[in-house]
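Shown below: work.tsv, with TSV, C-alpha atoms.
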```
chain	number	residue	atom	x	y	z
O	48	MET	CA	76.40	106.97	104.77
O	49	LYS	CA	76.54	104.39	101.97
O	50	ILE	CA	79.82	103.59	100.24
O	51	ILE	CA	80.41	101.35	97.21
O	52	ILE	CA	83.92	99.88	97.18
O	53	ASP	CA	85.91	97.89	94.61
O	54	ASN	CA	86.21	94.46	96.23
O	55	LYS	CA	89.90	94.16	95.32
O	56	ILE	CA	90.96	97.14	97.45
O	57	PRO	CA	92.89	95.54	100.32
O	58	TYR	CA	92.99	96.14	104.08
O	59	ILE	CA	89.90	98.35	103.97
O	60	ARG	CA	86.97	96.40	105.39
O	61	GLU	CA	87.53	96.68	109.14
O	62	ALA	CA	88.42	100.36	108.88
O	63	VAL	CA	85.64	101.51	106.56
O	64	GLU	CA	82.94	99.64	108.43
O	65	GLN	CA	83.70	101.87	111.43
O	66	ILE	CA	82.94	104.87	109.22
O	67	ALA	CA	79.91	103.97	107.07
O	68	ASP	CA	76.41	102.75	107.86
O	69	GLU	CA	76.30	100.63	104.71
O	70	VAL	CA	79.19	99.29	102.62
O	71	VAL	CA	78.82	97.35	99.38
O	72	TYR	CA	81.78	95.54	97.79
O	73	VAL	CA	81.68	94.74	94.07
O	74	PRO	CA	84.18	94.00	91.28
O	75	GLY	CA	85.47	97.13	89.61
O	76	LYS	CA	83.74	96.43	86.31
O	77	GLU	CA	80.34	95.87	87.95
O	78	PHE	CA	79.67	99.44	89.08
O	79	THR	CA	76.37	100.34	87.41
O	80	PRO	CA	74.09	103.42	87.52
O	81	GLU	CA	71.54	101.37	89.46
O	82	LEU	CA	74.13	100.28	92.03
O	83	VAL	CA	75.57	103.74	92.71
O	84	ARG	CA	72.31	105.70	92.55
O	85	ASP	CA	71.80	105.96	96.32
O	86	ALA	CA	75.49	105.86	97.31
O	87	ASP	CA	77.18	108.80	98.97
O	88	ALA	CA	80.74	107.82	98.02
O	89	LEU	CA	82.71	105.46	95.80
O	90	ILE	CA	86.17	104.00	96.40
O	91	ILE	CA	87.46	102.59	93.13
O	92	ARG	CA	90.44	101.46	91.06
O	93	THR	CA	91.23	101.97	87.38
O	94	ARG	CA	88.68	99.42	86.15
O	95	THR	CA	85.75	101.63	87.14
O	96	HIS	CA	85.03	104.49	84.73
O	97	CYS	CA	83.36	107.33	86.59
O	98	ASN	CA	81.56	109.43	84.01
O	99	LYS	CA	78.15	110.87	83.23
O	100	GLU	CA	76.79	107.48	82.19
O	101	LEU	CA	77.57	106.03	85.60
O	102	LEU	CA	76.93	108.99	87.87
O	103	GLU	CA	74.11	111.11	86.45
O	104	GLY	CA	71.13	111.20	88.77
O	105	SER	CA	73.03	109.56	91.64
O	106	HIS	CA	73.59	110.82	95.18
O	107	VAL	CA	77.35	110.34	94.85
O	108	ARG	CA	79.24	113.35	96.16
O	109	PHE	CA	82.71	111.90	96.65
O	110	ILE	CA	84.97	109.52	94.68
O	111	ALA	CA	88.35	108.22	95.82
O	112	THR	CA	90.47	106.20	93.45
O	113	ALA	CA	93.09	104.13	95.26
O	114	THR	CA	95.50	104.69	92.38
O	115	ILE	CA	97.98	107.28	91.20
O	116	GLY	CA	96.33	107.65	87.79
O	117	PHE	CA	92.89	109.18	87.40
O	118	ASP	CA	92.22	109.08	83.65
O	119	HIS	CA	89.29	106.73	84.42
O	120	ILE	CA	87.50	109.64	86.12
O	121	ASP	CA	85.74	112.24	83.97
O	122	THR	CA	86.97	115.14	86.06
O	123	ALA	CA	85.14	117.77	84.00
O	124	TYR	CA	81.82	116.01	84.52
O	125	CYS	CA	82.50	115.59	88.25
O	126	GLN	CA	83.20	119.30	88.58
O	127	SER	CA	79.99	120.21	86.76
O	128	ALA	CA	78.00	117.77	88.90
O	129	GLY	CA	79.49	118.94	92.19
O	130	ILE	CA	81.26	115.65	92.85
O	131	THR	CA	84.60	115.85	94.68
O	132	TRP	CA	87.22	113.33	93.61
O	133	THR	CA	90.67	112.40	94.83
O	134	ASN	CA	93.49	110.07	93.81
O	135	ALA	CA	96.48	108.70	95.72
O	136	PRO	CA	99.58	110.38	94.26
O	137	GLY	CA	102.81	108.70	95.22
O	138	CYS	CA	101.08	105.85	97.06
O	139	ASN	CA	102.92	103.10	95.21
O	140	SER	CA	105.98	104.99	94.00
O	141	ALA	CA	108.31	102.88	96.18
O	142	SER	CA	106.67	99.73	94.82
O	143	VAL	CA	107.30	100.76	91.20
O	144	ALA	CA	110.86	101.70	92.16
O	145	GLN	CA	111.28	98.18	93.58
O	146	TYR	CA	110.03	96.73	90.27
O	147	ILE	CA	112.47	98.87	88.27
O	148	GLN	CA	115.35	98.09	90.61
O	149	SER	CA	114.74	94.35	90.24
O	150	THR	CA	114.51	94.80	86.46
O	151	LEU	CA	117.87	96.59	86.39
O	152	LEU	CA	119.42	93.81	88.47
O	153	LEU	CA	118.03	91.25	86.02
O	154	LEU	CA	119.74	93.10	83.17
O	155	LYS	CA	122.96	92.48	85.03
O	156	VAL	CA	122.16	88.84	85.88
O	157	MET	CA	120.52	87.75	82.60
O	158	CYS	CA	122.22	89.99	80.06
O	159	GLY	CA	125.61	90.58	81.63
O	160	ARG	CA	125.15	94.36	81.58
O	161	ALA	CA	127.25	96.45	84.00
O	162	LEU	CA	124.88	99.03	85.48
O	163	ASN	CA	127.65	101.49	86.27
O	164	GLU	CA	128.53	101.62	82.58
O	165	MET	CA	124.98	102.40	81.45
O	166	THR	CA	122.95	105.58	80.95
O	167	ILE	CA	119.29	105.53	81.97
O	168	GLY	CA	116.70	107.96	80.61
O	169	ILE	CA	113.73	108.62	82.88
O	170	VAL	CA	110.70	110.03	81.06
O	171	GLY	CA	108.45	111.57	83.70
O	172	VAL	CA	110.11	112.66	86.94
O	173	GLY	CA	107.30	112.80	89.47
O	174	ASN	CA	106.95	110.69	92.61
O	175	VAL	CA	108.01	107.50	90.82
O	176	GLY	CA	110.59	108.91	88.41
O	177	SER	CA	112.37	110.76	91.19
O	178	LYS	CA	112.80	107.54	93.17
O	179	ILE	CA	114.09	105.77	90.04
O	180	ALA	CA	116.66	108.53	89.56
O	181	THR	CA	117.88	108.11	93.13
O	182	LEU	CA	118.27	104.35	92.96
O	183	ALA	CA	119.89	104.49	89.49
O	184	LYS	CA	122.52	106.87	90.83
O	185	GLN	CA	123.08	104.52	93.76
O	186	TRP	CA	123.87	101.76	91.26
O	187	GLY	CA	126.35	104.07	89.54
O	188	MET	CA	124.28	104.78	86.43
O	189	ARG	CA	124.39	108.04	84.49
O	190	VAL	CA	120.90	109.55	84.68
O	191	LEU	CA	119.10	111.75	82.14
O	192	LEU	CA	115.73	113.28	83.01
O	193	ASN	CA	112.86	114.28	80.71
O	194	ASP	CA	109.76	115.97	82.09
O	195	LEU	CA	108.15	118.66	79.95
O	196	PRO	CA	105.75	120.07	82.58
O	197	ARG	CA	108.52	120.33	85.18
O	198	ALA	CA	110.98	121.79	82.66
O	199	GLU	CA	108.44	124.47	81.76
O	200	GLN	CA	107.82	125.29	85.42
O	201	GLU	CA	111.34	124.94	86.81
O	202	GLY	CA	113.53	125.66	83.80
O	203	SER	CA	115.31	123.25	81.51
O	204	VAL	CA	118.70	123.09	83.25
O	205	SER	CA	118.01	119.77	85.00
O	206	PHE	CA	116.11	118.22	82.10
O	207	CYS	CA	116.82	117.11	78.56
O	208	SER	CA	114.72	116.50	75.48
O	209	LEU	CA	113.24	113.18	74.46
O	210	ALA	CA	115.53	113.34	71.42
O	211	GLU	CA	118.57	113.41	73.72
O	212	ILE	CA	117.19	110.45	75.66
O	213	ALA	CA	116.82	108.56	72.37
O	214	GLN	CA	120.38	109.38	71.38
O	215	GLU	CA	122.25	108.65	74.60
O	216	CYS	CA	120.47	106.07	76.74
O	217	ASP	CA	120.95	102.33	77.26
O	218	VAL	CA	117.75	102.08	79.30
O	219	ILE	CA	114.64	104.21	78.80
O	220	THR	CA	111.87	103.97	81.38
O	221	PHE	CA	108.47	105.72	81.19
O	222	HIS	CA	106.72	107.18	84.25
O	223	VAL	CA	104.31	109.72	82.75
O	224	PRO	CA	100.55	110.16	83.20
O	225	LEU	CA	98.39	109.53	80.16
O	226	TYR	CA	97.42	112.73	78.33
O	227	ILE	CA	95.51	112.02	75.12
O	228	GLU	CA	96.06	115.50	73.71
O	229	GLY	CA	97.47	118.93	74.52
O	230	LYS	CA	100.99	120.29	74.67
O	231	PHE	CA	102.05	117.60	77.15
O	232	LYS	CA	100.43	114.78	75.18
O	233	THR	CA	101.83	111.35	76.16
O	234	TYR	CA	99.55	109.14	74.07
O	235	HIS	CA	101.86	107.11	71.78
O	236	LEU	CA	104.80	109.14	73.01
O	237	ALA	CA	106.96	106.20	71.94
O	238	ASP	CA	105.87	105.72	68.33
O	239	GLU	CA	107.57	104.68	65.09
O	240	HIS	CA	109.41	108.00	64.86
O	241	PHE	CA	110.72	107.63	68.41
O	242	PHE	CA	111.99	104.10	67.85
O	243	ARG	CA	113.64	105.05	64.56
O	244	SER	CA	115.53	107.81	66.39
O	245	LEU	CA	117.18	105.43	68.89
O	246	LYS	CA	120.95	105.15	68.62
O	247	ARG	CA	122.10	102.73	71.34
O	248	GLN	CA	119.68	99.78	71.10
O	249	PRO	CA	118.25	100.47	74.57
O	250	VAL	CA	116.08	98.43	76.88
O	251	ILE	CA	112.57	99.92	77.00
O	252	ILE	CA	110.57	99.80	80.25
O	253	ASN	CA	106.97	100.92	80.66
O	254	THR	CA	105.19	100.96	84.01
O	255	SER	CA	103.10	104.10	83.38
O	256	ARG	CA	100.15	103.58	81.01
O	257	GLY	CA	99.94	101.14	78.12
O	258	GLU	CA	98.92	103.80	75.62
O	259	VAL	CA	102.15	105.71	76.15
O	260	ILE	CA	103.85	103.20	73.82
O	261	GLU	CA	102.41	102.32	70.42
O	262	THR	CA	102.17	98.53	70.44
O	263	GLN	CA	102.95	97.84	66.79
O	264	ALA	CA	105.84	100.30	66.83
O	265	LEU	CA	107.31	98.48	69.83
O	266	LEU	CA	106.94	95.12	68.10
O	267	ASN	CA	108.62	96.48	64.98
O	268	ALA	CA	111.47	97.85	67.11
O	269	LEU	CA	112.00	94.41	68.64
O	270	HIS	CA	111.92	92.74	65.21
O	271	THR	CA	114.40	95.19	63.69
O	272	ASN	CA	116.72	95.26	66.73
O	273	GLN	CA	116.16	98.96	67.28
O	274	ILE	CA	115.84	97.99	70.94
O	275	ALA	CA	117.62	95.25	72.86
O	276	GLU	CA	114.78	94.19	75.17
O	277	ALA	CA	111.41	95.37	76.45
O	278	VAL	CA	109.97	95.18	79.95
O	279	ILE	CA	106.24	95.89	79.87
O	280	ASP	CA	103.90	96.06	82.85
O	281	VAL	CA	101.17	98.17	81.25
O	282	TRP	CA	99.51	97.43	77.91
O	283	GLU	CA	97.24	98.97	75.35
O	284	HIS	CA	93.70	97.55	75.53
O	285	GLU	CA	94.16	95.84	78.90
O	286	PRO	CA	93.20	93.14	79.74
O	287	ASN	CA	93.11	92.11	76.06
O	288	ILE	CA	96.84	92.42	75.57
O	289	HIS	CA	98.77	91.77	72.37
O	290	PRO	CA	99.74	88.05	72.48
O	291	GLN	CA	102.79	88.36	70.21
O	292	LEU	CA	104.20	91.27	72.17
O	293	LEU	CA	103.83	89.29	75.39
O	294	LYS	CA	105.82	86.44	73.88
O	295	GLU	CA	108.66	88.68	72.74
O	296	VAL	CA	109.22	90.94	75.74
O	297	MET	CA	111.92	90.05	78.25
O	298	ILE	CA	109.52	90.68	81.15
O	299	GLY	CA	105.75	91.02	80.74
O	300	THR	CA	103.58	91.51	83.81
O	301	PRO	CA	99.86	92.20	84.43
O	302	HIS	CA	99.96	95.85	85.53
O	303	ILE	CA	101.35	95.02	88.98
O	304	ALA	CA	104.52	97.11	89.26
O	305	GLY	CA	102.85	99.21	91.94
O	306	TYR	CA	101.18	96.27	93.67
O	307	SER	CA	103.37	95.80	96.71
O	308	ALA	CA	101.36	95.36	99.89
O	309	ASP	CA	102.99	98.54	101.19
O	310	GLY	CA	101.81	100.54	98.17
O	311	LYS	CA	98.30	99.11	98.41
O	312	ALA	CA	98.11	99.95	102.10
O	313	ASN	CA	99.23	103.52	101.35
O	314	ALA	CA	96.53	103.91	98.68
O	315	THR	CA	93.81	102.53	100.95
O	316	ARG	CA	94.89	104.79	103.80
O	317	MET	CA	94.99	107.87	101.55
O	318	SER	CA	91.52	107.10	100.17
O	319	LEU	CA	89.97	106.71	103.62
O	320	ASP	CA	91.75	109.79	104.95
O	321	ALA	CA	90.36	111.83	102.07
O	322	LEU	CA	86.86	110.44	102.56
O	323	CYS	CA	86.89	111.26	106.29
O	324	LYS	CA	88.15	114.77	105.59
O	325	HIS	CA	85.45	115.39	102.96
O	326	PHE	CA	82.59	114.20	105.19
O	327	HIS	CA	84.09	115.65	108.41
O	328	ILE	CA	84.38	112.24	110.06
O	329	ASP	CA	86.69	111.71	113.03
O	330	ALA	CA	87.75	108.07	112.86
O	331	GLN	CA	90.67	106.05	114.18
O	332	TYR	CA	91.92	103.14	112.09
O	333	GLN	CA	95.10	101.39	111.09
O	334	ILE	CA	95.94	100.12	107.61
O	335	THR	CA	98.83	97.67	107.97
O	336	PRO	CA	99.89	94.97	105.49
O	337	PRO	CA	100.76	91.50	106.82
O	338	GLN	CA	104.33	90.42	107.43
O	339	PRO	CA	106.05	88.16	104.86
O	340	ASP	CA	106.44	84.49	105.72
O	341	GLU	CA	110.22	84.83	105.79
O	342	GLN	CA	111.38	88.14	107.22
O	343	VAL	CA	115.09	87.30	107.13
O	344	ILE	CA	116.70	87.07	103.68
O	345	HIS	CA	119.85	84.94	103.48
O	346	ALA	CA	121.95	85.84	100.44
O	347	SER	CA	125.55	86.07	99.32
O	348	ASN	CA	125.19	89.79	98.54
O	349	ARG	CA	122.70	92.65	98.56
O	350	GLU	CA	121.79	92.25	94.88
O	351	GLU	CA	120.83	88.63	95.39
O	352	ALA	CA	118.83	89.59	98.47
O	353	LEU	CA	116.85	92.25	96.62
O	354	LEU	CA	115.90	89.75	93.91
O	355	LYS	CA	114.85	87.27	96.58
O	356	MET	CA	112.51	89.93	97.96
O	357	TYR	CA	111.01	90.53	94.54
O	358	ASP	CA	111.82	88.90	91.21
O	359	PRO	CA	109.50	90.06	88.37
O	360	ARG	CA	110.30	86.92	86.38
O	361	LYS	CA	107.76	85.04	88.51
O	362	ASP	CA	104.98	87.44	87.57
O	363	SER	CA	106.12	87.37	83.95
O	364	ASP	CA	106.16	83.57	83.79
O	365	ALA	CA	102.64	83.43	85.22
O	366	LEU	CA	101.27	85.88	82.64
O	367	LYS	CA	103.09	84.30	79.71
O	368	ALA	CA	101.70	80.90	80.69
O	369	HIS	CA	98.12	82.20	80.98
O	370	PRO	CA	97.59	85.60	79.32
O	371	GLU	CA	93.84	85.02	79.45
O	372	LEU	CA	94.09	85.31	83.25
O	373	PHE	CA	95.39	88.90	83.16
O	374	GLU	CA	92.64	90.25	85.41
O	375	GLN	CA	92.76	87.31	87.79
O	376	LEU	CA	96.54	87.50	88.16
O	377	ARG	CA	96.19	91.19	88.90
O	378	GLY	CA	93.19	90.91	91.19
O	379	ASP	CA	94.54	87.99	93.22
O	380	TYR	CA	98.10	89.24	93.38
O	381	PRO	CA	100.10	87.53	96.17
O	382	LEU	CA	101.66	89.33	99.10
O	383	ARG	CA	104.73	91.32	98.10
O	384	ARG	CA	106.54	93.47	100.62
O	385	GLU	CA	109.13	96.19	100.15
O	386	GLU	CA	112.64	96.17	101.58
O	387	GLN	CA	111.75	97.65	104.97
O	388	ALA	CA	109.79	94.49	105.82
O	389	TYR	CA	112.98	92.39	105.74
O	390	SER	CA	116.38	92.07	107.27
O	391	ILE	CA	119.29	90.80	105.16
O	392	GLU	CA	121.93	88.37	106.36
O	393	CYS	CA	125.00	88.03	104.16
O	394	PRO	CA	128.16	86.02	104.97
```

Once more with this new file: its structure as structure tokens, please.
Amino acid sequence: MKIIIDNKIPYIREAVEQIADEVVYVPGKEFTPELVRDADALIIRTRTHCNKELLEGSHVRFIATATIGFDHIDTAYCQSAGITWTNAPGCNSASVAQYIQSTLLLLKVMCGRALNEMTIGIVGVGNVGSKIATLAKQWGMRVLLNDLPRAEQEGSVSFCSLAEIAQECDVITFHVPLYIEGKFKTYHLADEHFFRSLKRQPVIINTSRGEVIETQALLNALHTNQIAEAVIDVWEHEPNIHPQLLKEVMIGTPHIAGYSADGKANATRMSLDALCKHFHIDAQYQITPPQPDEQVIHASNREEALLKMYDPRKDSDALKAHPELFEQLRGDYPLRREEQAYSIECP
């Protein structure tokens, strides 16, 4: 078996080389028709677009993307070509929740906002959004949920409209997949009309897909004080992000909200598990991220400890200093562990 793997997928080499006869590692943007022609499987990230142009005439029969999103895979073509594909739903949901939690704590530290006096609107209540709802309630926030597919399936009792979110929320955070069209379209979900409808000058957070928010509309909302702040991890036209928007957001990071080592290990494990299942391979392997240098966090309180574990300002400062290094900052992201990797000592 021959497998082509994105060379930025972590913790995979020792495990996959027990499974495959030949493994080739390349940058995500360097997958070519010539390279994949005689491959049996691909393990990719969002930078590799799997479509007819790449796959036609190849031996590829299986694709695993080590990501939650899969809009970089032409699923209709894969179905017609007999190519099985899989993603890693929920793999980094705890990592994104950590990013949002740290962001909320920064609103308290930097802006003097009392979380238990704020209402948060969560747009998209899947694996990630559900975790955000839980942690927001733990911090004493009022929580409003918007999820059109779930509301249609489960009934609207637990959900509200986007208009209600715009009217009532102090924080609005987006966790939807990117749908370009259709009744659940999320492309430019937050557009000029949305920002004009806001009533409480909220903080806007986007860790879903860049195209969910219309860039110019967001800039205009910042300029006209329709919103108080913006925290942006995902951008339209990545990696060629809007330089003025980067300057003006409170936090701007290079699409790394889900990049904890724990989330990456989950995605790698899920991809290999799916590959072994597809090809009926019985393999034993462990995917374990390394321990942090300092496993004991000394802090005066839990909030301080959580920010010591992960403070998104560091990632934001790095990107704002060198926006041209977007891909490098993302590809060479340093070790970041979630809370279970630490113990906290408070006086």

Would you mind telling me which residue in O:Lys184, O:Lys324, O:Ala277, O:Ala161 lies nearest to Thr131 in chain O when using all atoms listed in the file?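 Ranking O:Lys184, O:Lys324, O:Ala277, O:Ala161 by distance to Thr131 in chain O, first place goes to O:Lys324.
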
Local residues around (106.2, 110.3, 91.5), at most 6 Å away, using only C-alpha atoms, as an MDAnalysis selection string: chainID O and resid 137 140 173:176

Could you tell me which of O:Ile90, O:Leu372, O:Ile279, O:Ile169 comes closest to Leu293 in chain O if we count all atoms listed in the file?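 Distance minimum relative to Leu293 in chain O lands on O:Ile279.
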
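Here the question is which of O:Ser142, O:Pro74, O:Ala88, O:Pro80 gets nearest to Cys323 in chain O using only C-alpha atoms, and that residue is O:Ala88.
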
Exercise: residues within 10 Å of coordinate (118.7, 87.3, 91.5), counting all atoms listed in the file, as a list in words: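 Those residues, ordered by chain and then number, are Ser149, Thr150, Leu152, Leu153, Lys155, Val156, Met157, Ala346, Asn348, Arg349, Glu350, Glu351, Ala352, Leu353, Leu354, Lys355, Met356, Tyr357, Asp358 and Arg360 of chain O.
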
Between O:His345, O:Ser318, O:Glu283, O:Glu371, which is the closest to Cys393 in chain O once you count all atoms listed in the file?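 Checking each of O:His345, O:Ser318, O:Glu283, O:Glu371 against Cys393 in chain O, counting all atoms listed in the file, the winner is O:His345.
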
Nearby residues (all atoms listed in the file) at most 12 Å from range 195-211 of chain O, same-chain spacing under 6 positions excluded, as a ChimeraX atom specification: /O:166-173,177,217,219-221,223-224,226,229-233,236-237,240-247

What separation in Å, quoted to one decimal, exists between CA of Glu276 in chain O and CA of Gln185 in chain O?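 Value for the CA of Glu276 in chain O-CA of Gln185 in chain O distance: 22.8 Å.
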
Using only C-alpha atoms, find the one residue out of O:Gly310, O:Pro286, O:Pro249, O:Pro394 that sits nearest to Thr93 in chain O.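 Closest candidate: O:Pro286.
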
When distances are computed from all atoms listed in the file, which of O:Glu103, O:Phe109, O:Lys367, O:Phe78 shows the smallest separation from Pro290 in chain O? O:Lys367

In Å to one decimal, how far is CA of Ile120 in chain O from CA of Lys76 in chain O? 13.7 Å

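For Ile147 in chain O, the list of residues within 10 Å, based on all atoms listed in the file and with local chain neighbours fewer than 4 positions off taken out, reads O:Ala141, O:Ser142, O:Val143, O:Leu151, O:Leu152, O:Leu153, O:Lys178, O:Ile179, O:Leu182, O:Ala183, O:Thr220, O:Ile252, O:Asn253, O:Thr254, O:Val278, O:Ala304, O:Pro359.
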
Kindly export the residues of the current selection with C-alpha atoms, as a short mmCIF file (atom, residue, chain, number, x, y, z; two decimals), in the frame of the given file.
```
data_model
loop_
_atom_site.label_atom_id
_atom_site.label_comp_id
_atom_site.auth_asym_id
_atom_site.auth_seq_id
_atom_site.Cartn_x
_atom_site.Cartn_y
_atom_site.Cartn_z
CA ALA O 141 108.31 102.88 96.18
CA SER O 142 106.67 99.73 94.82
CA VAL O 143 107.30 100.76 91.20
CA LEU O 151 117.87 96.59 86.39
CA LEU O 152 119.42 93.81 88.47
CA LEU O 153 118.03 91.25 86.02
CA LYS O 178 112.80 107.54 93.17
CA ILE O 179 114.09 105.77 90.04
CA LEU O 182 118.27 104.35 92.96
CA ALA O 183 119.89 104.49 89.49
CA THR O 220 111.87 103.97 81.38
CA ILE O 252 110.57 99.80 80.25
CA ASN O 253 106.97 100.92 80.66
CA THR O 254 105.19 100.96 84.01
CA VAL O 278 109.97 95.18 79.95
CA ALA O 304 104.52 97.11 89.26
CA PRO O 359 109.50 90.06 88.37
#
```

For range 176-180 of chain O, take all atoms listed in the file, fit an axis-aligned box around them, add 8 Å to each of the six sides, then output centre and edge lengths in Å rounded to one decimal, as lines of an AutoDock Vina configuration file.
```
center_x = 113.6
center_y = 108.3
center_z = 90.8
size_x = 22.1
size_y = 21.0
size_z = 20.8
```

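Taking CA of Glu374 in chain O as the reference point, CA of Glu81 in chain O is found at 24.2 Å.
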
Identify, on the basis of all atoms listed in the file, every residue whose closest approach to Thr122 in chain O does not exceed 9 Å; exclude the query and any residue fewer than 4 positions from it along the same chain; express the result as a JSON list (two decimals) with C-alpha atoms, in the coordinates of the input.
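Saved as selection.json:
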```
[["chain", "number", "residue", "atom", "x", "y", "z"],
["O", 97, "CYS", "CA", 83.36, 107.33, 86.59],
["O", 98, "ASN", "CA", 81.56, 109.43, 84.01],
["O", 117, "PHE", "CA", 92.89, 109.18, 87.40],
["O", 118, "ASP", "CA", 92.22, 109.08, 83.65],
["O", 126, "GLN", "CA", 83.20, 119.30, 88.58],
["O", 127, "SER", "CA", 79.99, 120.21, 86.76],
["O", 130, "ILE", "CA", 81.26, 115.65, 92.85],
["O", 131, "THR", "CA", 84.60, 115.85, 94.68],
["O", 132, "TRP", "CA", 87.22, 113.33, 93.61]]
```

Excluding same-chain residues fewer than 3 positions from Tyr306 in chain O, what lies within 12 Å of it counting all atoms listed in the file, as a PyMOL selection string? chain O and resi 55-57+113-115+138-146+254+280+300-303+309-314+336+357+359+362+376-385
